[in-house]
Amino acid sequence: MKPLFQLRYRNHVNGWLLVLPAVFMISLFTHYPIGSNLFHSLFSMGTVTRPEVFIGLENYSYLLDDEIFWKVLTNNLIYSMCTVPFSIAIALGMALLINRNIKGRSLVRMAFFTPTVLPMIAVANIWLFFYTPEYGLFDQIFGIFGGDSHNWLGNPDTSLFCLIVMVIWKESGFFMVFYLAALQQLSPELKEAGLMEGSGRWYYFRRVTFPLLMPTTLFVTVNAVVNSFKLVDHLVIMTKGGPDNASSLLLYYIYENAFSFWDTSYAATLTVVLVLILAIITIIQFVVVEKRIHYQ
Amino acid sequence: MKFREFDAEKFIVTTGAWMLGGIWLLPLVFAFWSAFHPAEFSTNFELFAPLTIDNFVRAWSYAPFPRYLLNTFVLVTLILAAQFVLCTLAAYGFARFDFFGKNVVFALVLLQLMIMPEVLLVENYRTISSMGLLDTIPAIGLPYMASAFGIFLLRQSFKSIPKELVEAAQVEGVSAIGILWKVYIPLAKSTYIAYGLVSVSYHWNNFLWPLVVTSSVNSRPLTVGLAIFGAPESGVDWSIITAATVMTMSPLLVAFILFQRQFVQSFMHSGIK
């Protein structure tokens, strides 16, 4: 009896013992903070003299009235809606260019991919100088054509877009790699058949290549959207979210509340919103993937 | 011999690719230009401007960059070592054993792909602080040591290992851990390289979480050191800041140029689900 009993439970015990260390660590730094974050968002901020008090949804009603929150959320949506499609379109263009047998192919590929391996902080330092009034590269180029000097990052109308341009530059090469991988898996026979039937290149791309790249596009889009909510390193260097929160993003606003204003309970409330947004993206991804599987 | 026909389309594609590549490299070329020239030439592009390493010497003397470099190196190594151990064990558990609650636990693990530790920085700061680890290198690394991404990649790779190999080892009486060590790990070598490169470049570049949990030279990584050094308030010369920037990114850049193919393939590999 005993060996059979042992055999039956051995898989369970082995499996659990193997995954336990990693699962414990992940729950400590992902699941537990999601819960404790929700909990802390229901309390007022404690100080040395005053302990934190349960205040229910007060933080949330403050959030709904917080103009900066809405400003930052709008910024983040603009930021996502600009960086995601543009960097994906450029990435696809790069991949199509490189997928052909051109001279110096690996050199060009390296040029496209290099920004991906650079630290965002280093990139921000370099671009900060491009945008410097008068001395910066952009103003010098504009100067040649007789343009005036601009305070690119200091102007609320342009600061967010300056950051968007930089992020598109940084991320396109990363997404290009996934398109390259997908393009290399497309069968060459398909292309021959398409061209034999006399379909033009653009027609072939629109009707064959692009639909076949759909899974990659979905994967890249989800990645790009998630990135647009969690990558704020450059703000610390370039604008600090300013001027007047014109270029601030949600995670940066959380960081400011927690570590500049030390209002951790409001930061927790804002984090709940960010986690909800990421959860919605995950759910959308699942629904779309599920749908695709059903159609096939 | 026939003359090759001039292929106009190919010519346009090649020129287009080269031009776009040139534009993409421009910011980097510019950074190197101003790092290696005296300040008065940093926006003045004269071909024969005198070269200098003075900016590097001064950046090196203004801030403890050797210490930052050491911190980053220790951090990246620590994280990678811990990730290899934790992710290998977990991936082996998920790939080979059927245990109670496996699918639910796996789904919970994958949650970390979407909600990374830096998103939860307020609460994670609290946790690290209550452990008394603030301003230490392990504090920067801990939240990332068990990585859903690593578990996912290794599990994929372990699942593709032929059952016959595992059964043959079992017949010979090799233990479960022995099979992991002798069959699974050697066959997943390329996944380890891919994951290693992605992890190293991620943590070399990571900034927001290290910024929050570090407060002294003893634990600050390069990125945080560079941000403090380059802050407009610091009043340091632009060309010295670019020299520091070039210093920060060059180890990774050199590694990337040397192992370009592996890098690109690693990122490719890691994206195919």
# chains A, B, ... in the order shown; residues from 1 in each chain; ligands from 1
call {"tool": "residues_around", "arguments": {"residues": "Trp70 (chain A)", "least_positions_apart": "5", "cutoff": "12 Å", "atoms": "only C-alpha atoms", "output": "list in words"}}
result
Tyr62, Leu63, Leu64, Asp65, Asn75, Asn76, Leu77, Asn245, Ala246, Ser248, Leu249, Leu250, Tyr253, Leu270 and Val273 of chain A
call {"tool": "residues_around", "arguments": {"residues": "Asn155 (chain A)", "least_positions_apart": "2", "cutoff": "10 Å", "atoms": "only C-alpha atoms", "output": "ChimeraX atom specification"}}
result
/A:150-153,157-160,242-244,246-247
call {"tool": "closest_residue", "arguments": {"among": "A:Leu251, A:Val165, A:Leu213, A:Leu57", "to": "chain B", "atoms": "only C-alpha atoms"}}
result
A:Leu251
call {"tool": "closest_residue", "arguments": {"among": "A:Val225, A:Ile55, A:Met120, A:Ile168", "to": "chain B", "atoms": "only C-alpha atoms"}}
result
A:Met120
call {"tool": "residues_around", "arguments": {"residues": "region 70-81 of chain B", "least_positions_apart": "2", "cutoff": "9 Å", "atoms": "only C-alpha atoms", "output": "number ranges by chain"}}
result
B: 65-68, 83-86, 137-138, 140-142, 144-145, 196, 199-201, 203-204, 217-223
call {"tool": "residues_around", "arguments": {"residues": "region 79-89 of chain A", "least_positions_apart": "2", "cutoff": "10 Å", "atoms": "only C-alpha atoms", "output": "short mmCIF file (atom, residue, chain, number, x, y, z; two decimals) with C-alpha atoms, in the first residue's frame"}}
result
data_model
loop_
_atom_site.label_atom_id
_atom_site.label_comp_id
_atom_site.auth_asym_id
_atom_site.auth_seq_id
_atom_site.Cartn_x
_atom_site.Cartn_y
_atom_site.Cartn_z
CA LEU A 73 -4.50 60.40 -17.18
CA THR A 74 -5.29 62.35 -20.35
CA ASN A 75 -1.57 62.85 -20.96
CA ASN A 76 -1.00 59.15 -20.55
CA LEU A 77 -3.73 58.33 -23.06
CA ALA A 91 9.01 48.95 -36.59
CA LEU A 92 7.11 47.18 -39.36
CA GLY A 93 8.66 49.45 -41.98
CA MET A 94 12.14 48.76 -40.63
CA ALA A 95 11.52 45.03 -40.60
CA LEU A 160 4.69 65.96 -24.14
CA PHE A 161 5.23 65.62 -27.88
CA LEU A 163 8.95 63.06 -25.14
CA ILE A 164 6.75 61.09 -27.53
CA VAL A 165 9.21 61.57 -30.41
CA MET A 166 12.06 60.37 -28.23
CA VAL A 167 10.20 57.28 -27.03
CA ILE A 168 9.24 56.33 -30.60
CA TRP A 169 12.92 56.52 -31.50
CA LYS A 170 13.86 54.36 -28.53
CA GLU A 171 11.21 51.65 -28.92
CA SER A 172 10.81 51.10 -32.67
CA GLY A 173 13.91 48.95 -32.98
CA PHE A 174 12.75 46.71 -30.18
CA PHE A 175 9.43 45.99 -31.87
CA MET A 176 11.17 45.59 -35.24
CA TYR A 179 8.37 41.58 -36.89
CA THR A 217 1.05 42.99 -34.13
CA VAL A 220 3.72 44.06 -29.88
CA THR A 221 0.70 46.29 -29.26
CA VAL A 222 0.06 44.85 -25.82
CA ASN A 223 3.74 45.25 -24.95
CA ALA A 224 3.80 48.80 -26.23
CA VAL A 225 0.67 49.82 -24.34
CA VAL A 226 1.93 48.31 -21.09
CA ASN A 227 5.27 50.05 -21.60
CA SER A 228 3.56 53.37 -22.11
CA PHE A 229 2.11 53.06 -18.62
CA SER A 247 4.09 66.12 -19.63
CA SER A 248 3.42 64.10 -16.49
CA LEU A 249 2.28 60.47 -16.68
#
call {"tool": "atom_distance", "arguments": {"atom1": "CA of Ala176 (chain B)", "atom2": "CA of Phe97 (chain B)"}}
result
10.3 Å
call {"tool": "residues_around", "arguments": {"residues": "Asn124 (chain B)", "least_positions_apart": "3", "cutoff": "10 Å", "atoms": "only C-alpha atoms", "output": "list in words"}}
result
Leu28, Phe29, Thr30, Tyr32, Pro33, Ile34, Ser36 and Asn37 of chain A; Pro117, Glu118, Val119, Leu120, Leu121, Thr127, Ile128, Ser129, Ser130, Ala139, Leu142, Pro143, Trp209 and Val213 of chain B
call {"tool": "write_last_selection", "arguments": {"atoms": "N, CA and C atoms", "output": "PDB file, in the first residue's frame"}}
result
ATOM      1  N   LEU A  28       5.046  37.811  -2.796  1.00  0.00           N
ATOM      2  CA  LEU A  28       5.491  38.856  -1.865  1.00  0.00           C
ATOM      3  C   LEU A  28       5.612  40.217  -2.542  1.00  0.00           C
ATOM      4  N   PHE A  29       6.027  40.225  -3.809  1.00  0.00           N
ATOM      5  CA  PHE A  29       6.258  41.514  -4.479  1.00  0.00           C
ATOM      6  C   PHE A  29       5.245  41.840  -5.578  1.00  0.00           C
ATOM      7  N   THR A  30       4.259  40.979  -5.782  1.00  0.00           N
ATOM      8  CA  THR A  30       3.218  41.303  -6.765  1.00  0.00           C
ATOM      9  C   THR A  30       1.820  41.176  -6.165  1.00  0.00           C
ATOM     10  N   TYR A  32       0.793  40.308  -2.899  1.00  0.00           N
ATOM     11  CA  TYR A  32       0.617  40.968  -1.605  1.00  0.00           C
ATOM     12  C   TYR A  32       0.513  42.485  -1.766  1.00  0.00           C
ATOM     13  N   PRO A  33       1.448  43.138  -2.518  1.00  0.00           N
ATOM     14  CA  PRO A  33       1.306  44.597  -2.643  1.00  0.00           C
ATOM     15  C   PRO A  33       0.021  45.046  -3.344  1.00  0.00           C
ATOM     16  N   ILE A  34      -0.510  44.226  -4.257  1.00  0.00           N
ATOM     17  CA  ILE A  34      -1.786  44.619  -4.875  1.00  0.00           C
ATOM     18  C   ILE A  34      -2.853  44.710  -3.788  1.00  0.00           C
ATOM     19  N   SER A  36      -2.369  44.908  -0.334  1.00  0.00           N
ATOM     20  CA  SER A  36      -2.102  45.893   0.719  1.00  0.00           C
ATOM     21  C   SER A  36      -2.270  47.311   0.188  1.00  0.00           C
ATOM     22  N   ASN A  37      -2.059  47.457  -1.113  1.00  0.00           N
ATOM     23  CA  ASN A  37      -2.252  48.743  -1.758  1.00  0.00           C
ATOM     24  C   ASN A  37      -3.721  49.164  -1.705  1.00  0.00           C
TER      25      ASN A  37
ATOM     26  N   PRO B 117       7.016  44.763 -10.718  1.00  0.00           N
ATOM     27  CA  PRO B 117       7.218  45.300  -9.363  1.00  0.00           C
ATOM     28  C   PRO B 117       7.305  46.823  -9.294  1.00  0.00           C
ATOM     29  N   GLU B 118       7.806  47.490 -10.346  1.00  0.00           N
ATOM     30  CA  GLU B 118       7.945  48.951 -10.256  1.00  0.00           C
ATOM     31  C   GLU B 118       6.591  49.665 -10.264  1.00  0.00           C
ATOM     32  N   VAL B 119       5.565  49.005 -10.808  1.00  0.00           N
ATOM     33  CA  VAL B 119       4.226  49.614 -10.779  1.00  0.00           C
ATOM     34  C   VAL B 119       3.738  49.722  -9.330  1.00  0.00           C
ATOM     35  N   LEU B 120       4.131  48.745  -8.516  1.00  0.00           N
ATOM     36  CA  LEU B 120       3.674  48.705  -7.128  1.00  0.00           C
ATOM     37  C   LEU B 120       4.735  49.289  -6.207  1.00  0.00           C
ATOM     38  N   LEU B 121       5.427  50.317  -6.651  1.00  0.00           N
ATOM     39  CA  LEU B 121       6.615  50.754  -5.909  1.00  0.00           C
ATOM     40  C   LEU B 121       6.303  51.293  -4.511  1.00  0.00           C
ATOM     41  N   THR B 127       7.500  47.211   2.039  1.00  0.00           N
ATOM     42  CA  THR B 127       7.978  45.860   2.366  1.00  0.00           C
ATOM     43  C   THR B 127       9.494  45.855   2.592  1.00  0.00           C
ATOM     44  N   ILE B 128      10.212  46.436   1.655  1.00  0.00           N
ATOM     45  CA  ILE B 128      11.674  46.455   1.749  1.00  0.00           C
ATOM     46  C   ILE B 128      12.102  47.210   3.009  1.00  0.00           C
ATOM     47  N   SER B 129      11.388  48.297   3.290  1.00  0.00           N
ATOM     48  CA  SER B 129      11.713  49.092   4.465  1.00  0.00           C
ATOM     49  C   SER B 129      11.473  48.298   5.749  1.00  0.00           C
ATOM     50  N   SER B 130      10.379  47.531   5.803  1.00  0.00           N
ATOM     51  CA  SER B 130      10.106  46.753   7.015  1.00  0.00           C
ATOM     52  C   SER B 130      11.087  45.604   7.174  1.00  0.00           C
ATOM     53  N   ALA B 139      18.119  45.024  -1.905  1.00  0.00           N
ATOM     54  CA  ALA B 139      16.809  45.672  -1.932  1.00  0.00           C
ATOM     55  C   ALA B 139      16.393  45.974  -3.371  1.00  0.00           C
ATOM     56  N   LEU B 142      15.729  42.196  -5.025  1.00  0.00           N
ATOM     57  CA  LEU B 142      14.729  41.246  -4.496  1.00  0.00           C
ATOM     58  C   LEU B 142      13.423  41.138  -5.291  1.00  0.00           C
ATOM     59  N   PRO B 143      12.754  42.260  -5.595  1.00  0.00           N
ATOM     60  CA  PRO B 143      11.458  42.121  -6.278  1.00  0.00           C
ATOM     61  C   PRO B 143      11.556  41.457  -7.649  1.00  0.00           C
ATOM     62  N   TRP B 209      12.794  52.091  -9.743  1.00  0.00           N
ATOM     63  CA  TRP B 209      12.835  51.350  -8.478  1.00  0.00           C
ATOM     64  C   TRP B 209      14.172  51.546  -7.744  1.00  0.00           C
ATOM     65  N   VAL B 213      14.682  53.125  -3.784  1.00  0.00           N
ATOM     66  CA  VAL B 213      15.194  52.397  -2.622  1.00  0.00           C
ATOM     67  C   VAL B 213      16.641  52.697  -2.256  1.00  0.00           C
TER      68      VAL B 213
END
call {"tool": "closest_residue", "arguments": {"among": "A:Gly56, A:Gly241, A:Pro215, A:Gly46", "to": "chain B", "atoms": "only C-alpha atoms"}}
result
A:Pro215
call {"tool": "closest_residue", "arguments": {"among": "A:Ile68, A:Ala268, A:Leu218, A:Val53", "to": "chain B", "atoms": "only C-alpha atoms"}}
result
A:Ala268
call {"tool": "atom_distance", "arguments": {"atom1": "CA of Pro211 (chain A)", "atom2": "CA of Gln156 (chain B)"}}
result
25.8 Å
call {"tool": "closest_residue", "arguments": {"among": "B:Leu25, B:Val122, B:Ala107, B:Ala39", "to": "Thr264 (chain A)", "atoms": "only C-alpha atoms"}}
result
B:Val122
call {"tool": "atom_distance", "arguments": {"atom1": "CA of Leu38 (chain A)", "atom2": "CA of Thr269 (chain A)"}}
result
7.2 Å
call {"tool": "decode", "arguments": {"residues": "region 67-190 of chain B", "atoms": "C-alpha atoms", "output": "PDB file, in the first residue's frame"}}
result
ATOM      1  CA  ARG B  67      31.682  52.670  -7.294  1.00  0.00           C
ATOM      2  CA  TYR B  68      28.440  53.040  -9.290  1.00  0.00           C
ATOM      3  CA  LEU B  69      29.841  50.712 -11.917  1.00  0.00           C
ATOM      4  CA  LEU B  70      30.744  48.153  -9.275  1.00  0.00           C
ATOM      5  CA  ASN B  71      27.259  48.425  -7.723  1.00  0.00           C
ATOM      6  CA  THR B  72      25.568  47.882 -11.077  1.00  0.00           C
ATOM      7  CA  PHE B  73      27.826  44.943 -11.796  1.00  0.00           C
ATOM      8  CA  VAL B  74      27.082  43.306  -8.426  1.00  0.00           C
ATOM      9  CA  LEU B  75      23.366  44.011  -8.825  1.00  0.00           C
ATOM     10  CA  VAL B  76      23.089  42.527 -12.300  1.00  0.00           C
ATOM     11  CA  THR B  77      25.079  39.426 -11.313  1.00  0.00           C
ATOM     12  CA  LEU B  78      23.083  38.900  -8.136  1.00  0.00           C
ATOM     13  CA  ILE B  79      19.748  39.188  -9.932  1.00  0.00           C
ATOM     14  CA  LEU B  80      20.802  36.901 -12.769  1.00  0.00           C
ATOM     15  CA  ALA B  81      22.132  34.207 -10.437  1.00  0.00           C
ATOM     16  CA  ALA B  82      18.986  34.270  -8.298  1.00  0.00           C
ATOM     17  CA  GLN B  83      16.752  34.300 -11.372  1.00  0.00           C
ATOM     18  CA  PHE B  84      18.504  31.296 -12.876  1.00  0.00           C
ATOM     19  CA  VAL B  85      18.038  29.252  -9.703  1.00  0.00           C
ATOM     20  CA  LEU B  86      14.455  30.276  -8.858  1.00  0.00           C
ATOM     21  CA  CYS B  87      13.148  30.245 -12.422  1.00  0.00           C
ATOM     22  CA  THR B  88      14.805  26.938 -13.292  1.00  0.00           C
ATOM     23  CA  LEU B  89      13.255  25.181 -10.306  1.00  0.00           C
ATOM     24  CA  ALA B  90       9.818  26.670 -10.913  1.00  0.00           C
ATOM     25  CA  ALA B  91       9.900  26.055 -14.668  1.00  0.00           C
ATOM     26  CA  TYR B  92      10.887  22.433 -14.027  1.00  0.00           C
ATOM     27  CA  GLY B  93       8.003  22.050 -11.588  1.00  0.00           C
ATOM     28  CA  PHE B  94       5.507  23.518 -14.042  1.00  0.00           C
ATOM     29  CA  ALA B  95       6.855  21.646 -17.060  1.00  0.00           C
ATOM     30  CA  ARG B  96       7.245  18.168 -15.621  1.00  0.00           C
ATOM     31  CA  PHE B  97       4.989  17.570 -12.636  1.00  0.00           C
ATOM     32  CA  ASP B  98       1.223  17.517 -12.353  1.00  0.00           C
ATOM     33  CA  PHE B  99       0.361  18.926  -9.005  1.00  0.00           C
ATOM     34  CA  PHE B 100      -2.739  20.186  -7.313  1.00  0.00           C
ATOM     35  CA  GLY B 101      -3.623  23.743  -8.323  1.00  0.00           C
ATOM     36  CA  LYS B 102      -0.917  23.938 -10.994  1.00  0.00           C
ATOM     37  CA  ASN B 103      -2.894  25.896 -13.587  1.00  0.00           C
ATOM     38  CA  VAL B 104      -4.177  28.440 -11.114  1.00  0.00           C
ATOM     39  CA  VAL B 105      -0.704  28.980  -9.666  1.00  0.00           C
ATOM     40  CA  PHE B 106       0.768  29.348 -13.137  1.00  0.00           C
ATOM     41  CA  ALA B 107      -1.844  31.952 -14.073  1.00  0.00           C
ATOM     42  CA  LEU B 108      -1.056  33.852 -10.873  1.00  0.00           C
ATOM     43  CA  VAL B 109       2.638  33.780 -11.728  1.00  0.00           C
ATOM     44  CA  LEU B 110       1.949  35.171 -15.206  1.00  0.00           C
ATOM     45  CA  LEU B 111       0.221  38.178 -13.641  1.00  0.00           C
ATOM     46  CA  GLN B 112       3.705  39.540 -12.993  1.00  0.00           C
ATOM     47  CA  LEU B 113       4.240  39.894 -16.764  1.00  0.00           C
ATOM     48  CA  MET B 114       1.664  42.684 -16.794  1.00  0.00           C
ATOM     49  CA  ILE B 115       2.061  44.170 -13.337  1.00  0.00           C
ATOM     50  CA  MET B 116       5.784  44.540 -12.817  1.00  0.00           C
ATOM     51  CA  PRO B 117       7.218  45.300  -9.363  1.00  0.00           C
ATOM     52  CA  GLU B 118       7.945  48.951 -10.256  1.00  0.00           C
ATOM     53  CA  VAL B 119       4.226  49.614 -10.779  1.00  0.00           C
ATOM     54  CA  LEU B 120       3.674  48.705  -7.128  1.00  0.00           C
ATOM     55  CA  LEU B 121       6.615  50.754  -5.909  1.00  0.00           C
ATOM     56  CA  VAL B 122       4.797  52.366  -2.980  1.00  0.00           C
ATOM     57  CA  GLU B 123       3.943  49.073  -1.283  1.00  0.00           C
ATOM     58  CA  ASN B 124       7.166  47.362  -2.286  1.00  0.00           C
ATOM     59  CA  TYR B 125       9.056  50.228  -0.692  1.00  0.00           C
ATOM     60  CA  ARG B 126       7.104  49.569   2.494  1.00  0.00           C
ATOM     61  CA  THR B 127       7.978  45.860   2.366  1.00  0.00           C
ATOM     62  CA  ILE B 128      11.674  46.455   1.749  1.00  0.00           C
ATOM     63  CA  SER B 129      11.713  49.092   4.465  1.00  0.00           C
ATOM     64  CA  SER B 130      10.106  46.753   7.015  1.00  0.00           C
ATOM     65  CA  MET B 131      12.768  44.166   6.187  1.00  0.00           C
ATOM     66  CA  GLY B 132      15.363  46.796   7.067  1.00  0.00           C
ATOM     67  CA  LEU B 133      16.964  46.519   3.651  1.00  0.00           C
ATOM     68  CA  LEU B 134      16.625  50.103   2.402  1.00  0.00           C
ATOM     69  CA  ASP B 135      19.671  51.428   0.603  1.00  0.00           C
ATOM     70  CA  THR B 136      21.226  48.036  -0.066  1.00  0.00           C
ATOM     71  CA  ILE B 137      21.896  46.255  -3.330  1.00  0.00           C
ATOM     72  CA  PRO B 138      19.695  43.232  -2.451  1.00  0.00           C
ATOM     73  CA  ALA B 139      16.809  45.672  -1.932  1.00  0.00           C
ATOM     74  CA  ILE B 140      17.043  46.680  -5.605  1.00  0.00           C
ATOM     75  CA  GLY B 141      17.216  43.076  -6.730  1.00  0.00           C
ATOM     76  CA  LEU B 142      14.729  41.246  -4.496  1.00  0.00           C
ATOM     77  CA  PRO B 143      11.458  42.121  -6.278  1.00  0.00           C
ATOM     78  CA  TYR B 144      12.884  40.912  -9.596  1.00  0.00           C
ATOM     79  CA  MET B 145      14.527  37.668  -8.516  1.00  0.00           C
ATOM     80  CA  ALA B 146      11.540  35.467  -9.207  1.00  0.00           C
ATOM     81  CA  SER B 147      10.617  36.453 -12.722  1.00  0.00           C
ATOM     82  CA  ALA B 148       7.453  35.297 -14.445  1.00  0.00           C
ATOM     83  CA  PHE B 149       9.111  35.999 -17.760  1.00  0.00           C
ATOM     84  CA  GLY B 150      12.022  33.682 -16.965  1.00  0.00           C
ATOM     85  CA  ILE B 151       9.726  30.948 -15.676  1.00  0.00           C
ATOM     86  CA  PHE B 152       7.604  31.236 -18.793  1.00  0.00           C
ATOM     87  CA  LEU B 153      10.561  31.063 -21.203  1.00  0.00           C
ATOM     88  CA  LEU B 154      12.265  28.155 -19.450  1.00  0.00           C
ATOM     89  CA  ARG B 155       9.027  26.227 -19.099  1.00  0.00           C
ATOM     90  CA  GLN B 156       8.440  26.535 -22.868  1.00  0.00           C
ATOM     91  CA  SER B 157      11.925  25.291 -23.524  1.00  0.00           C
ATOM     92  CA  PHE B 158      11.680  22.424 -20.988  1.00  0.00           C
ATOM     93  CA  LYS B 159       8.385  21.276 -22.470  1.00  0.00           C
ATOM     94  CA  SER B 160       9.954  20.843 -25.883  1.00  0.00           C
ATOM     95  CA  ILE B 161      12.486  18.328 -24.560  1.00  0.00           C
ATOM     96  CA  PRO B 162      11.673  14.818 -25.911  1.00  0.00           C
ATOM     97  CA  LYS B 163      10.065  12.502 -23.351  1.00  0.00           C
ATOM     98  CA  GLU B 164      12.278   9.596 -24.452  1.00  0.00           C
ATOM     99  CA  LEU B 165      15.366  11.321 -23.081  1.00  0.00           C
ATOM    100  CA  VAL B 166      13.720  11.800 -19.698  1.00  0.00           C
ATOM    101  CA  GLU B 167      12.447   8.223 -19.609  1.00  0.00           C
ATOM    102  CA  ALA B 168      15.849   6.849 -20.519  1.00  0.00           C
ATOM    103  CA  ALA B 169      17.373   8.734 -17.596  1.00  0.00           C
ATOM    104  CA  GLN B 170      14.602   7.503 -15.299  1.00  0.00           C
ATOM    105  CA  VAL B 171      15.275   3.889 -16.282  1.00  0.00           C
ATOM    106  CA  GLU B 172      18.898   4.401 -15.348  1.00  0.00           C
ATOM    107  CA  GLY B 173      17.713   5.489 -11.932  1.00  0.00           C
ATOM    108  CA  VAL B 174      18.593   9.178 -12.099  1.00  0.00           C
ATOM    109  CA  SER B 175      16.740  11.252  -9.494  1.00  0.00           C
ATOM    110  CA  ALA B 176      14.354  14.086 -10.326  1.00  0.00           C
ATOM    111  CA  ILE B 177      16.987  16.718  -9.569  1.00  0.00           C
ATOM    112  CA  GLY B 178      19.578  14.693 -11.487  1.00  0.00           C
ATOM    113  CA  ILE B 179      17.326  14.715 -14.544  1.00  0.00           C
ATOM    114  CA  LEU B 180      16.940  18.482 -14.278  1.00  0.00           C
ATOM    115  CA  TRP B 181      20.686  18.934 -14.008  1.00  0.00           C
ATOM    116  CA  LYS B 182      21.770  16.419 -16.651  1.00  0.00           C
ATOM    117  CA  VAL B 183      18.963  16.520 -19.208  1.00  0.00           C
ATOM    118  CA  TYR B 184      16.867  19.671 -18.967  1.00  0.00           C
ATOM    119  CA  ILE B 185      19.421  22.381 -18.226  1.00  0.00           C
ATOM    120  CA  PRO B 186      22.005  21.394 -20.873  1.00  0.00           C
ATOM    121  CA  LEU B 187      19.311  21.192 -23.544  1.00  0.00           C
ATOM    122  CA  ALA B 188      17.929  24.641 -22.694  1.00  0.00           C
ATOM    123  CA  LYS B 189      21.270  26.392 -23.006  1.00  0.00           C
ATOM    124  CA  SER B 190      20.168  28.759 -25.763  1.00  0.00           C
TER     125      SER B 190
END
